[in-house]
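Okay, structure first, notes after.
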Amino acid sequence: MAIPTWTAPFADSRPMHNTRYSLALDLIDDAAKIAEYEAAHKKIWPEVRDHLLTHGVVSMEIYRLGTRMFMVMEVDTAVYSSEAMSSASLSNPKIVEWERLMWTYQAPTPWTPAGEKWVPMQRIFNLKEQ
C-alpha cells in the first residue's frame, strides 16, 4: 500500500466522515525543553507524518499556553481506529523512538490516568447549538 500524502484522503470519490478530537497534555516546565519540543514540531519526522496519514489522521494542530498543550485532531472515521493506530505505533521502531523522545519533553496533566499521555477534553460549548 502506498503511503498517502496530505491530500490523499480527499483524492477519491467516497464520502468522508470526519470526527474531531480535542486532547490535552502538559510540557515539562523548562524553557529550553519547550523550545526543543517546538523545534521538533516545525518539521516532524517523515515516518511520523506517514504513520498519522496512513491511520486516517487528516488534520492535526497543536497549540500551547505556558506548559499546557491542546491538540485538535481530525480523523477519517472510515480509516481511523485508535486501537489499530496504537498497536501499529508499538510495532514501528521509528514511532517508538519519536514517542520516547517526545516523552522527555512532555508531562501528564493532573487529570491524566496513569500510563496515558494525550487525554480527551470534554466539549462544554458549541455555538452551532445555541
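Identifiers in the C-alpha cells: chain A, B, ... in order shown; residue index from 1 per chain; ligand index from 1 in order shown.
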Requested in this report: Write out as a ChimeraX atom specification the residues lying within 9 Å of A:Glu47, counting only C-alpha atoms and excluding same-chain residues fewer than 5 positions away.
Outcome: /A:52,94-95
Requested in this report: Skip A:Tyr63 itself and residues of its chain fewer than 3 positions away, then list as a ChimeraX atom specification all residues within 12 Å of it, counting only C-alpha atoms.
Outcome: /A:22-27,38,41,60,66-73
Export of prior selection with C-alpha atoms as an mmCIF file, in the first residue's frame:
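Just written: part33.cif:
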data_model
loop_
_atom_site.group_PDB
_atom_site.id
_atom_site.type_symbol
_atom_site.label_atom_id
_atom_site.label_comp_id
_atom_site.auth_asym_id
_atom_site.auth_seq_id
_atom_site.Cartn_x
_atom_site.Cartn_y
_atom_site.Cartn_z
ATOM 1 C CA SER A 22 -9.542 17.684 21.277
ATOM 2 C CA LEU A 23 -6.778 16.454 23.559
ATOM 3 C CA ALA A 24 -4.572 17.916 26.276
ATOM 4 C CA LEU A 25 -1.056 17.243 27.540
ATOM 5 C CA ASP A 26 1.479 19.247 29.512
ATOM 6 C CA LEU A 27 5.121 20.031 28.885
ATOM 7 C CA GLU A 38 8.600 23.263 19.388
ATOM 8 C CA HIS A 41 7.449 20.047 15.549
ATOM 9 C CA MET A 60 -3.685 17.813 13.364
ATOM 10 C CA GLY A 66 2.629 28.034 29.034
ATOM 11 C CA THR A 67 3.143 24.336 29.644
ATOM 12 C CA ARG A 68 -0.379 23.238 28.645
ATOM 13 C CA MET A 69 -0.816 21.865 25.132
ATOM 14 C CA PHE A 70 -4.062 21.460 23.238
ATOM 15 C CA MET A 71 -4.295 19.209 20.181
ATOM 16 C CA VAL A 72 -7.063 19.254 17.597
ATOM 17 C CA MET A 73 -7.015 16.074 15.540
#
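These are the residues of stretch 38-121 of chain A assigned strand (DSSP E) by DSSP from backbone coordinates: A:Val57, A:Val58, A:Ser59, A:Met60, A:Glu61, A:Ile62, A:Tyr63, A:Arg64, A:Leu65, A:Arg68, A:Met69, A:Phe70, A:Met71, A:Val72, A:Met73, A:Glu74, A:Val75, A:Asp76, A:Gln106, A:Ala107, A:Val119, A:Pro120.
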**Report entry** Members of chain A assigned alpha helix (DSSP H) by DSSP, as number ranges by chain
**Finding:** A: 31-42, 46-54, 82-90, 93-103
Give me a file of those residues, with C-alpha atoms, as an mmCIF file, in the first residue's frame.
data_model
loop_
_atom_site.group_PDB
_atom_site.id
_atom_site.type_symbol
_atom_site.label_atom_id
_atom_site.label_comp_id
_atom_site.auth_asym_id
_atom_site.auth_seq_id
_atom_site.Cartn_x
_atom_site.Cartn_y
_atom_site.Cartn_z
ATOM 1 C CA ALA A 31 12.158 26.926 28.675
ATOM 2 C CA ALA A 32 14.972 25.082 26.880
ATOM 3 C CA LYS A 33 12.975 21.845 26.676
ATOM 4 C CA ILE A 34 9.892 23.703 25.447
ATOM 5 C CA ALA A 35 11.996 25.352 22.716
ATOM 6 C CA GLU A 36 13.381 21.939 21.689
ATOM 7 C CA TYR A 37 9.873 20.465 21.603
ATOM 8 C CA GLU A 38 8.600 23.263 19.388
ATOM 9 C CA ALA A 39 11.647 22.952 17.115
ATOM 10 C CA ALA A 40 10.972 19.207 16.712
ATOM 11 C CA HIS A 41 7.449 20.047 15.549
ATOM 12 C CA LYS A 42 8.467 22.608 12.922
ATOM 13 C CA PRO A 46 8.522 11.810 7.753
ATOM 14 C CA GLU A 47 7.835 8.429 9.353
ATOM 15 C CA VAL A 48 5.649 10.107 11.975
ATOM 16 C CA ARG A 49 3.752 12.093 9.330
ATOM 17 C CA ASP A 50 3.245 8.975 7.218
ATOM 18 C CA HIS A 51 2.101 6.960 10.231
ATOM 19 C CA LEU A 52 -0.553 9.552 11.070
ATOM 20 C CA LEU A 53 -1.799 9.770 7.498
ATOM 21 C CA THR A 54 -1.850 6.007 6.997
ATOM 22 C CA SER A 82 -7.298 4.431 17.938
ATOM 23 C CA GLU A 83 -6.660 0.780 18.844
ATOM 24 C CA ALA A 84 -5.161 -0.053 15.437
ATOM 25 C CA MET A 85 -3.051 3.098 15.432
ATOM 26 C CA SER A 86 -1.808 2.398 18.955
ATOM 27 C CA SER A 87 -0.940 -1.193 18.085
ATOM 28 C CA ALA A 88 0.876 -0.113 14.909
ATOM 29 C CA SER A 89 2.737 2.551 16.904
ATOM 30 C CA LEU A 90 4.116 -0.055 19.290
ATOM 31 C CA PRO A 93 10.583 1.361 15.738
ATOM 32 C CA LYS A 94 10.607 4.954 14.411
ATOM 33 C CA ILE A 95 7.303 5.782 16.122
ATOM 34 C CA VAL A 96 8.554 4.209 19.366
ATOM 35 C CA GLU A 97 11.733 6.311 19.059
ATOM 36 C CA TRP A 98 9.712 9.503 18.375
ATOM 37 C CA GLU A 99 7.374 8.869 21.315
ATOM 38 C CA ARG A 100 10.295 8.107 23.628
ATOM 39 C CA LEU A 101 11.951 11.393 22.577
ATOM 40 C CA MET A 102 8.720 13.392 22.942
ATOM 41 C CA TRP A 103 8.153 11.990 26.433
#
Query raised in the report: Expressed in Å to a single decimal, how great is the separation between atom CA of A:Gln122 and atom CA of A:Gly56?
Result: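 The value is 22.0 Å.
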